[in-house]
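J.: mmCIF, N, CA and C atoms, file input.cif:
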```
data_data
#
loop_
_atom_site.label_atom_id
_atom_site.label_comp_id
_atom_site.auth_asym_id
_atom_site.auth_seq_id
_atom_site.Cartn_x
_atom_site.Cartn_y
_atom_site.Cartn_z
N MET A 1 33.36 6.55 13.15
CA MET A 1 33.99 5.66 12.22
C MET A 1 33.66 6.14 10.81
N LYS A 2 34.68 6.33 10.00
CA LYS A 2 34.49 6.82 8.64
C LYS A 2 33.75 5.77 7.82
N GLY A 3 32.77 6.25 7.05
CA GLY A 3 32.01 5.37 6.20
C GLY A 3 30.85 4.68 6.91
N TYR A 4 30.73 4.85 8.22
CA TYR A 4 29.63 4.25 8.96
C TYR A 4 28.37 5.06 8.72
N ARG A 5 27.30 4.36 8.45
CA ARG A 5 26.01 5.02 8.26
C ARG A 5 24.97 4.29 9.08
N LYS A 6 24.21 5.02 9.85
CA LYS A 6 23.15 4.43 10.65
C LYS A 6 22.15 3.74 9.72
N GLU A 7 21.71 2.58 10.11
CA GLU A 7 20.68 1.87 9.34
C GLU A 7 19.45 2.76 9.25
N GLN A 8 19.02 3.03 8.03
CA GLN A 8 17.89 3.92 7.79
C GLN A 8 16.56 3.35 8.28
N ASP A 9 16.46 2.06 8.28
CA ASP A 9 15.20 1.43 8.56
C ASP A 9 15.22 0.75 9.91
N GLU A 10 14.72 1.41 10.91
CA GLU A 10 14.73 0.86 12.26
C GLU A 10 13.32 0.82 12.83
N LEU A 11 12.41 0.21 12.07
CA LEU A 11 11.03 0.11 12.52
C LEU A 11 10.77 -1.28 13.08
N SER A 12 10.16 -1.30 14.24
CA SER A 12 9.75 -2.56 14.86
C SER A 12 8.23 -2.65 14.79
N VAL A 13 7.74 -3.76 14.24
CA VAL A 13 6.30 -4.00 14.15
C VAL A 13 6.01 -5.37 14.74
N LYS A 14 5.14 -5.40 15.73
CA LYS A 14 4.76 -6.66 16.38
C LYS A 14 3.24 -6.71 16.48
N PHE A 15 2.69 -7.89 16.18
CA PHE A 15 1.24 -8.07 16.25
C PHE A 15 0.97 -9.39 16.95
N ASP A 16 0.39 -9.32 18.13
CA ASP A 16 0.02 -10.50 18.88
C ASP A 16 -1.48 -10.73 18.68
N PHE A 17 -1.82 -11.64 17.77
CA PHE A 17 -3.23 -11.93 17.47
C PHE A 17 -4.00 -12.34 18.72
N TRP A 18 -3.40 -13.19 19.53
CA TRP A 18 -4.10 -13.76 20.67
C TRP A 18 -4.45 -12.70 21.71
N LYS A 19 -3.59 -11.74 21.89
CA LYS A 19 -3.84 -10.68 22.86
C LYS A 19 -4.53 -9.47 22.23
N GLY A 20 -4.51 -9.37 20.91
CA GLY A 20 -5.08 -8.20 20.25
C GLY A 20 -4.23 -6.96 20.46
N GLU A 21 -2.91 -7.16 20.48
CA GLU A 21 -1.97 -6.05 20.75
C GLU A 21 -1.07 -5.84 19.53
N ILE A 22 -0.97 -4.60 19.12
CA ILE A 22 -0.13 -4.23 17.99
C ILE A 22 0.85 -3.16 18.47
N TYR A 23 2.12 -3.32 18.09
CA TYR A 23 3.15 -2.36 18.47
C TYR A 23 3.88 -1.89 17.22
N ILE A 24 3.96 -0.57 17.06
CA ILE A 24 4.75 0.03 15.98
C ILE A 24 5.68 1.02 16.64
N LYS A 25 6.99 0.82 16.45
CA LYS A 25 7.96 1.65 17.17
C LYS A 25 9.18 1.91 16.30
N GLY A 26 9.70 3.14 16.37
CA GLY A 26 10.97 3.46 15.72
C GLY A 26 10.81 4.47 14.60
N GLU A 27 11.66 4.33 13.60
CA GLU A 27 11.66 5.22 12.44
C GLU A 27 11.08 4.48 11.25
N ALA A 28 10.03 5.05 10.67
CA ALA A 28 9.35 4.42 9.53
C ALA A 28 9.75 5.14 8.24
N VAL A 29 10.90 4.76 7.74
CA VAL A 29 11.39 5.29 6.46
C VAL A 29 11.97 4.12 5.66
N GLY A 30 11.93 4.24 4.39
CA GLY A 30 12.57 3.23 3.56
C GLY A 30 11.66 2.07 3.19
N GLU A 31 12.16 1.26 2.30
CA GLU A 31 11.42 0.14 1.74
C GLU A 31 11.08 -0.92 2.77
N VAL A 32 12.01 -1.23 3.65
CA VAL A 32 11.75 -2.27 4.65
C VAL A 32 10.59 -1.86 5.56
N SER A 33 10.57 -0.60 5.97
CA SER A 33 9.46 -0.11 6.80
C SER A 33 8.14 -0.19 6.06
N ARG A 34 8.14 0.23 4.80
CA ARG A 34 6.91 0.14 4.01
C ARG A 34 6.43 -1.31 3.93
N ASN A 35 7.36 -2.22 3.72
CA ASN A 35 6.98 -3.64 3.63
C ASN A 35 6.41 -4.14 4.95
N LYS A 36 7.02 -3.74 6.07
CA LYS A 36 6.53 -4.16 7.38
C LYS A 36 5.12 -3.63 7.63
N LEU A 37 4.90 -2.35 7.30
CA LEU A 37 3.58 -1.76 7.52
C LEU A 37 2.55 -2.34 6.56
N ALA A 38 2.94 -2.62 5.32
CA ALA A 38 2.03 -3.23 4.36
C ALA A 38 1.64 -4.64 4.81
N GLU A 39 2.60 -5.39 5.33
CA GLU A 39 2.32 -6.74 5.84
C GLU A 39 1.38 -6.67 7.04
N LEU A 40 1.60 -5.69 7.93
CA LEU A 40 0.72 -5.52 9.07
C LEU A 40 -0.70 -5.19 8.60
N THR A 41 -0.83 -4.33 7.60
CA THR A 41 -2.14 -3.98 7.07
C THR A 41 -2.86 -5.22 6.55
N SER A 42 -2.14 -6.05 5.84
CA SER A 42 -2.71 -7.28 5.29
C SER A 42 -3.15 -8.22 6.42
N GLU A 43 -2.31 -8.41 7.41
CA GLU A 43 -2.64 -9.28 8.54
C GLU A 43 -3.80 -8.72 9.36
N LEU A 44 -3.84 -7.41 9.49
CA LEU A 44 -4.89 -6.76 10.25
C LEU A 44 -6.26 -6.96 9.57
N LYS A 45 -6.28 -6.95 8.25
CA LYS A 45 -7.54 -7.17 7.53
C LYS A 45 -8.07 -8.57 7.79
N LYS A 46 -7.19 -9.54 7.90
CA LYS A 46 -7.60 -10.91 8.24
C LYS A 46 -8.13 -10.96 9.68
N TYR A 47 -7.38 -10.34 10.58
CA TYR A 47 -7.74 -10.30 12.00
C TYR A 47 -9.09 -9.62 12.20
N ALA A 48 -9.37 -8.58 11.40
CA ALA A 48 -10.59 -7.77 11.57
C ALA A 48 -11.86 -8.57 11.32
N LYS A 49 -11.75 -9.71 10.65
CA LYS A 49 -12.94 -10.53 10.42
C LYS A 49 -13.42 -11.18 11.71
N PHE A 50 -12.49 -11.54 12.59
CA PHE A 50 -12.81 -12.18 13.86
C PHE A 50 -11.89 -11.62 14.95
N PRO A 51 -12.06 -10.33 15.30
CA PRO A 51 -11.13 -9.73 16.27
C PRO A 51 -11.44 -10.12 17.71
N ASN A 52 -10.49 -9.84 18.57
CA ASN A 52 -10.72 -9.96 20.01
C ASN A 52 -11.73 -8.91 20.43
N LYS A 53 -12.24 -9.03 21.63
CA LYS A 53 -13.18 -8.03 22.14
C LYS A 53 -12.50 -6.68 22.29
N VAL A 54 -11.20 -6.71 22.57
CA VAL A 54 -10.42 -5.48 22.74
C VAL A 54 -9.15 -5.59 21.90
N THR A 55 -8.88 -4.55 21.13
CA THR A 55 -7.66 -4.47 20.35
C THR A 55 -6.95 -3.17 20.73
N LYS A 56 -5.64 -3.27 20.94
CA LYS A 56 -4.85 -2.10 21.32
C LYS A 56 -3.72 -1.90 20.32
N LEU A 57 -3.61 -0.68 19.82
CA LEU A 57 -2.51 -0.29 18.94
C LEU A 57 -1.63 0.69 19.70
N HIS A 58 -0.36 0.32 19.86
CA HIS A 58 0.62 1.17 20.53
C HIS A 58 1.56 1.71 19.46
N ILE A 59 1.62 3.03 19.33
CA ILE A 59 2.51 3.64 18.34
C ILE A 59 3.47 4.57 19.07
N LYS A 60 4.75 4.38 18.81
CA LYS A 60 5.78 5.30 19.31
C LYS A 60 6.81 5.45 18.19
N LEU A 61 6.58 6.44 17.35
CA LEU A 61 7.47 6.68 16.22
C LEU A 61 8.40 7.85 16.52
N ASP A 62 9.62 7.70 16.08
CA ASP A 62 10.57 8.81 16.16
C ASP A 62 10.45 9.69 14.92
N TYR A 63 10.08 9.03 13.82
CA TYR A 63 9.94 9.74 12.54
C TYR A 63 9.22 8.82 11.58
N PHE A 64 8.41 9.38 10.69
CA PHE A 64 7.87 8.61 9.58
C PHE A 64 7.68 9.53 8.38
N ASN A 65 7.82 8.95 7.19
CA ASN A 65 7.72 9.75 5.98
C ASN A 65 6.32 9.61 5.37
N THR A 66 6.12 10.24 4.22
CA THR A 66 4.81 10.30 3.60
C THR A 66 4.28 8.92 3.22
N SER A 67 5.13 8.08 2.66
CA SER A 67 4.63 6.75 2.26
C SER A 67 4.26 5.92 3.48
N SER A 68 4.99 6.06 4.56
CA SER A 68 4.63 5.36 5.80
C SER A 68 3.35 5.94 6.40
N ALA A 69 3.18 7.25 6.27
CA ALA A 69 1.96 7.90 6.78
C ALA A 69 0.72 7.33 6.09
N THR A 70 0.84 7.06 4.80
CA THR A 70 -0.28 6.49 4.05
C THR A 70 -0.63 5.09 4.57
N LEU A 71 0.38 4.29 4.87
CA LEU A 71 0.14 2.95 5.40
C LEU A 71 -0.41 3.00 6.82
N ILE A 72 0.07 3.94 7.63
CA ILE A 72 -0.48 4.10 8.98
C ILE A 72 -1.95 4.51 8.89
N PHE A 73 -2.26 5.36 7.92
CA PHE A 73 -3.66 5.74 7.69
C PHE A 73 -4.51 4.50 7.38
N LYS A 74 -4.01 3.61 6.52
CA LYS A 74 -4.74 2.39 6.18
C LYS A 74 -4.95 1.51 7.41
N ILE A 75 -3.95 1.45 8.27
CA ILE A 75 -4.06 0.68 9.51
C ILE A 75 -5.16 1.29 10.39
N MET A 76 -5.15 2.59 10.53
CA MET A 76 -6.16 3.28 11.35
C MET A 76 -7.56 3.06 10.79
N LYS A 77 -7.71 3.19 9.47
CA LYS A 77 -9.02 3.01 8.84
C LYS A 77 -9.51 1.57 9.00
N THR A 78 -8.59 0.62 8.88
CA THR A 78 -8.96 -0.78 9.07
C THR A 78 -9.47 -1.01 10.49
N LEU A 79 -8.78 -0.44 11.46
CA LEU A 79 -9.22 -0.57 12.86
C LEU A 79 -10.56 0.13 13.08
N GLU A 80 -10.74 1.28 12.48
CA GLU A 80 -12.00 2.00 12.63
C GLU A 80 -13.16 1.20 12.03
N GLN A 81 -12.97 0.66 10.84
CA GLN A 81 -14.01 -0.14 10.20
C GLN A 81 -14.30 -1.40 11.01
N MET A 82 -13.25 -2.02 11.54
CA MET A 82 -13.42 -3.20 12.37
C MET A 82 -14.27 -2.86 13.60
N LYS A 83 -13.97 -1.75 14.22
CA LYS A 83 -14.71 -1.33 15.41
C LYS A 83 -16.19 -1.13 15.08
N LEU A 84 -16.47 -0.49 13.97
CA LEU A 84 -17.86 -0.21 13.60
C LEU A 84 -18.62 -1.48 13.20
N LYS A 85 -17.96 -2.40 12.52
CA LYS A 85 -18.63 -3.61 12.04
C LYS A 85 -18.80 -4.66 13.12
N THR A 86 -17.84 -4.77 14.01
CA THR A 86 -17.86 -5.87 14.98
C THR A 86 -18.21 -5.43 16.39
N LYS A 87 -18.26 -4.14 16.63
CA LYS A 87 -18.52 -3.59 17.96
C LYS A 87 -17.43 -3.93 18.98
N SER A 88 -16.26 -4.35 18.48
CA SER A 88 -15.15 -4.59 19.40
C SER A 88 -14.56 -3.24 19.82
N GLN A 89 -13.89 -3.24 20.93
CA GLN A 89 -13.28 -2.01 21.42
C GLN A 89 -11.88 -1.88 20.82
N VAL A 90 -11.54 -0.66 20.43
CA VAL A 90 -10.22 -0.39 19.87
C VAL A 90 -9.63 0.80 20.61
N PHE A 91 -8.42 0.61 21.09
CA PHE A 91 -7.70 1.68 21.78
C PHE A 91 -6.40 1.95 21.03
N VAL A 92 -6.14 3.22 20.77
CA VAL A 92 -4.90 3.62 20.10
C VAL A 92 -4.13 4.50 21.08
N MET A 93 -2.92 4.07 21.42
CA MET A 93 -2.05 4.84 22.28
C MET A 93 -0.91 5.38 21.43
N TRP A 94 -0.84 6.69 21.28
CA TRP A 94 0.14 7.34 20.42
C TRP A 94 1.14 8.06 21.31
N GLY A 95 2.35 7.54 21.38
CA GLY A 95 3.40 8.16 22.17
C GLY A 95 4.23 9.09 21.31
N ALA A 96 4.45 10.29 21.81
CA ALA A 96 5.28 11.26 21.09
C ALA A 96 5.99 12.14 22.11
N GLU A 97 7.24 12.47 21.81
CA GLU A 97 7.95 13.38 22.70
C GLU A 97 7.18 14.70 22.77
N GLU A 98 7.09 15.25 23.96
CA GLU A 98 6.25 16.42 24.17
C GLU A 98 6.67 17.64 23.37
N ASP A 99 7.90 17.65 22.85
CA ASP A 99 8.34 18.78 22.02
C ASP A 99 8.35 18.43 20.53
N ASP A 100 7.81 17.28 20.15
CA ASP A 100 7.78 16.87 18.76
C ASP A 100 6.43 17.26 18.15
N GLU A 101 6.37 18.50 17.68
CA GLU A 101 5.11 19.04 17.17
C GLU A 101 4.58 18.26 15.98
N ASP A 102 5.46 17.75 15.12
CA ASP A 102 5.02 17.03 13.93
C ASP A 102 4.29 15.73 14.30
N LEU A 103 4.84 14.96 15.23
CA LEU A 103 4.20 13.71 15.61
C LEU A 103 2.92 13.94 16.41
N ILE A 104 2.90 14.98 17.21
CA ILE A 104 1.68 15.33 17.94
C ILE A 104 0.60 15.76 16.96
N GLU A 105 0.97 16.58 15.99
CA GLU A 105 0.02 17.02 14.97
C GLU A 105 -0.49 15.83 14.15
N ALA A 106 0.38 14.87 13.87
CA ALA A 106 -0.04 13.68 13.12
C ALA A 106 -1.12 12.92 13.89
N ALA A 107 -0.94 12.77 15.20
CA ALA A 107 -1.95 12.09 16.02
C ALA A 107 -3.29 12.82 15.96
N VAL A 108 -3.24 14.13 16.04
CA VAL A 108 -4.46 14.93 15.96
C VAL A 108 -5.11 14.77 14.58
N ASP A 109 -4.30 14.78 13.54
CA ASP A 109 -4.83 14.60 12.18
C ASP A 109 -5.50 13.24 12.02
N TYR A 110 -4.86 12.18 12.50
CA TYR A 110 -5.46 10.85 12.41
C TYR A 110 -6.77 10.79 13.19
N GLN A 111 -6.83 11.48 14.32
CA GLN A 111 -8.08 11.50 15.10
C GLN A 111 -9.19 12.16 14.30
N GLU A 112 -8.86 13.23 13.58
CA GLU A 112 -9.87 13.91 12.76
C GLU A 112 -10.30 13.04 11.58
N ILE A 113 -9.36 12.32 10.99
CA ILE A 113 -9.66 11.49 9.83
C ILE A 113 -10.43 10.23 10.24
N CYS A 114 -10.17 9.74 11.43
CA CYS A 114 -10.81 8.52 11.95
C CYS A 114 -11.56 8.87 13.23
N PRO A 115 -12.69 9.58 13.12
CA PRO A 115 -13.36 10.07 14.32
C PRO A 115 -13.94 8.99 15.23
N ASN A 116 -14.09 7.77 14.71
CA ASN A 116 -14.63 6.69 15.55
C ASN A 116 -13.56 5.96 16.35
N LEU A 117 -12.31 6.37 16.18
CA LEU A 117 -11.23 5.84 17.00
C LEU A 117 -10.90 6.84 18.08
N ASN A 118 -10.58 6.35 19.24
CA ASN A 118 -10.12 7.23 20.31
C ASN A 118 -8.61 7.11 20.39
N ILE A 119 -7.91 8.14 19.94
CA ILE A 119 -6.46 8.13 19.94
C ILE A 119 -5.98 8.90 21.17
N ALA A 120 -5.39 8.17 22.10
CA ALA A 120 -4.87 8.79 23.32
C ALA A 120 -3.43 9.18 23.10
N LEU A 121 -3.17 10.45 23.17
CA LEU A 121 -1.81 10.98 22.99
C LEU A 121 -1.08 10.95 24.33
N SER A 122 0.08 10.29 24.33
CA SER A 122 0.88 10.18 25.55
C SER A 122 2.18 10.95 25.37
N PRO A 123 2.26 12.15 25.96
CA PRO A 123 3.50 12.92 25.85
C PRO A 123 4.65 12.22 26.58
N ILE A 124 5.80 12.19 25.94
CA ILE A 124 6.99 11.58 26.50
C ILE A 124 8.05 12.66 26.64
N LYS A 125 8.70 12.71 27.79
CA LYS A 125 9.76 13.70 27.97
C LYS A 125 10.92 13.35 27.04
N PRO A 126 11.44 14.37 26.31
CA PRO A 126 12.56 14.08 25.40
C PRO A 126 13.82 13.68 26.14
N LYS A 127 14.60 12.83 25.50
CA LYS A 127 15.89 12.40 26.07
C LYS A 127 17.00 13.20 25.41
N TYR A 128 17.76 13.89 26.20
CA TYR A 128 18.88 14.66 25.68
C TYR A 128 20.18 13.99 26.09
N ASN A 129 21.08 13.89 25.14
CA ASN A 129 22.38 13.27 25.43
C ASN A 129 23.33 14.24 26.08
#
```
Could I get this structure in the form of structure tokens?

T.:
Amino acid sequence: MKGYRKEQDELSVKFDFWKGEIYIKGEAVGEVSRNKLAELTSELKKYAKFPNKVTKLHIKLDYFNTSSATLIFKIMKTLEQMKLKTKSQVFVMWGAEEDDEDLIEAAVDYQEICPNLNIALSPIKPKYN
């Protein structure tokens, strides 16, 4: 369809305080994504004062830009600090297509930057149309 443009911002962010489950999925680009990740960072700081015994972060991004990477870093650091201060368990599950070198490298980079978090990389078979 002429003039049709895919919505640039297709990031889903869900945080279930009661279960200690966080989900970040989709493409993290644009202002709406930054706002969603910034709001999650803010809520996570409140949660970190009295976290569940176990907190799980599930990430499955198709793409993210530099500004989103900075916010994801803040989320990771908040979880790492929470783990160290409260002794709660934190699990990070990072899903990336097995041929997406950039997202796999990002997971490895975050693991190096946040050595007290255990980031489990889950390769996903790419979907071809």

J.: Enter the distance from CA of Lys87 in chain A to CA of Lys53 in chain A, in Å, rounded to one decimal.

T.: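 So the answer is 8.1 Å.
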
J.: For a quick check of understanding, using only N, CA and C atoms, which of A:Leu84, A:Ala48, A:Ile75, A:Leu121 has the smallest distance to Ile104 in chain A?

T.: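 Using only N, CA and C atoms, Ile104 in chain A sits closest to A:Leu121.
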
J.: Can you list, as an mmCIF file with N, CA and C atoms, in the coordinates of the input, every protein, DNA or RNA residue that comes within 8 Å of range 92-98 of chain A when you count only C-alpha atoms, leaving out same-chain residues fewer than 6 positions away?

T.:
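As a result, selection-v2.cif now contains:
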```cif
data_model
loop_
_atom_site.group_PDB
_atom_site.id
_atom_site.type_symbol
_atom_site.label_atom_id
_atom_site.label_comp_id
_atom_site.auth_asym_id
_atom_site.auth_seq_id
_atom_site.Cartn_x
_atom_site.Cartn_y
_atom_site.Cartn_z
ATOM 1 N N LYS A 56 -5.640 -3.270 20.940
ATOM 2 C CA LYS A 56 -4.850 -2.100 21.320
ATOM 3 C C LYS A 56 -3.720 -1.900 20.320
ATOM 4 N N LEU A 57 -3.610 -0.680 19.820
ATOM 5 C CA LEU A 57 -2.510 -0.290 18.940
ATOM 6 C C LEU A 57 -1.630 0.690 19.700
ATOM 7 N N HIS A 58 -0.360 0.320 19.860
ATOM 8 C CA HIS A 58 0.620 1.170 20.530
ATOM 9 C C HIS A 58 1.560 1.710 19.460
ATOM 10 N N ILE A 59 1.620 3.030 19.330
ATOM 11 C CA ILE A 59 2.510 3.640 18.340
ATOM 12 C C ILE A 59 3.470 4.570 19.070
ATOM 13 N N LYS A 60 4.750 4.380 18.810
ATOM 14 C CA LYS A 60 5.780 5.300 19.310
ATOM 15 C C LYS A 60 6.810 5.450 18.190
ATOM 16 N N LEU A 61 6.580 6.440 17.350
ATOM 17 C CA LEU A 61 7.470 6.680 16.220
ATOM 18 C C LEU A 61 8.400 7.850 16.520
ATOM 19 N N ASP A 62 9.620 7.700 16.080
ATOM 20 C CA ASP A 62 10.570 8.810 16.160
ATOM 21 C C ASP A 62 10.450 9.690 14.920
ATOM 22 N N ILE A 104 2.900 14.980 17.210
ATOM 23 C CA ILE A 104 1.680 15.330 17.940
ATOM 24 C C ILE A 104 0.600 15.760 16.960
ATOM 25 N N ALA A 107 -0.940 12.770 15.200
ATOM 26 C CA ALA A 107 -1.950 12.090 16.020
ATOM 27 C C ALA A 107 -3.290 12.820 15.960
ATOM 28 N N LEU A 117 -12.310 6.370 16.180
ATOM 29 C CA LEU A 117 -11.230 5.840 17.000
ATOM 30 C C LEU A 117 -10.900 6.840 18.080
ATOM 31 N N ASN A 118 -10.580 6.350 19.240
ATOM 32 C CA ASN A 118 -10.120 7.230 20.310
ATOM 33 C C ASN A 118 -8.610 7.110 20.390
ATOM 34 N N ILE A 119 -7.910 8.140 19.940
ATOM 35 C CA ILE A 119 -6.460 8.130 19.940
ATOM 36 C C ILE A 119 -5.980 8.900 21.170
ATOM 37 N N ALA A 120 -5.390 8.170 22.100
ATOM 38 C CA ALA A 120 -4.870 8.790 23.320
ATOM 39 C C ALA A 120 -3.430 9.180 23.100
ATOM 40 N N LEU A 121 -3.170 10.450 23.170
ATOM 41 C CA LEU A 121 -1.810 10.980 22.990
ATOM 42 C C LEU A 121 -1.080 10.950 24.330
ATOM 43 N N SER A 122 0.080 10.290 24.330
ATOM 44 C CA SER A 122 0.880 10.180 25.550
ATOM 45 C C SER A 122 2.180 10.950 25.370
ATOM 46 N N PRO A 123 2.260 12.150 25.960
ATOM 47 C CA PRO A 123 3.500 12.920 25.850
ATOM 48 C C PRO A 123 4.650 12.220 26.580
ATOM 49 N N ILE A 124 5.800 12.190 25.940
ATOM 50 C CA ILE A 124 6.990 11.580 26.500
ATOM 51 C C ILE A 124 8.050 12.660 26.640
ATOM 52 N N LYS A 125 8.700 12.710 27.790
ATOM 53 C CA LYS A 125 9.760 13.700 27.970
ATOM 54 C C LYS A 125 10.920 13.350 27.040
ATOM 55 N N PRO A 126 11.440 14.370 26.310
ATOM 56 C CA PRO A 126 12.560 14.080 25.400
ATOM 57 C C PRO A 126 13.820 13.680 26.140
#
```

J.: With distances taken over only N, CA and C atoms, which of A:Lys25, A:Met76, A:Asp99, A:Ser88 is nearest to Cys114 in chain A?

T.: A:Met76

J.: Given the point (-10.0, -3.3, 18.1) in the file's coordinates, find the residues that have an atom at most 6 Å from it, counting only C-alpha atoms, and give them as an MDAnalysis selection string.

T.: chainID A and resid 54:55 79 83 88:90

J.: Could you tell me, as a list in words, exactly which residues end up selected when the PyMOL selection byres ((chain A and resi 30) around 8) is applied to this structure?

T.: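 Output from the PyMOL selection byres ((chain A and resi 30) around 8), applied to this file: Gln8, Asp9, Glu10, Glu27, Ala28, Val29, Glu31, Val32, Ser33, Arg34, Asn35, Lys36, Phe64, Asn65, Ser67 and Ser68 of chain A.
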
J.: Suppose you want the space between atom N of Tyr23 in chain A and atom N of Thr41 in chain A; what is it in Å?

T.: 10.9 Å

J.: May I ask for the distance between CA of Glu43 in chain A and atom N of Gly26 in chain A, given in Å to one decimal place?

T.: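 These atoms are spaced 19.2 Å apart.
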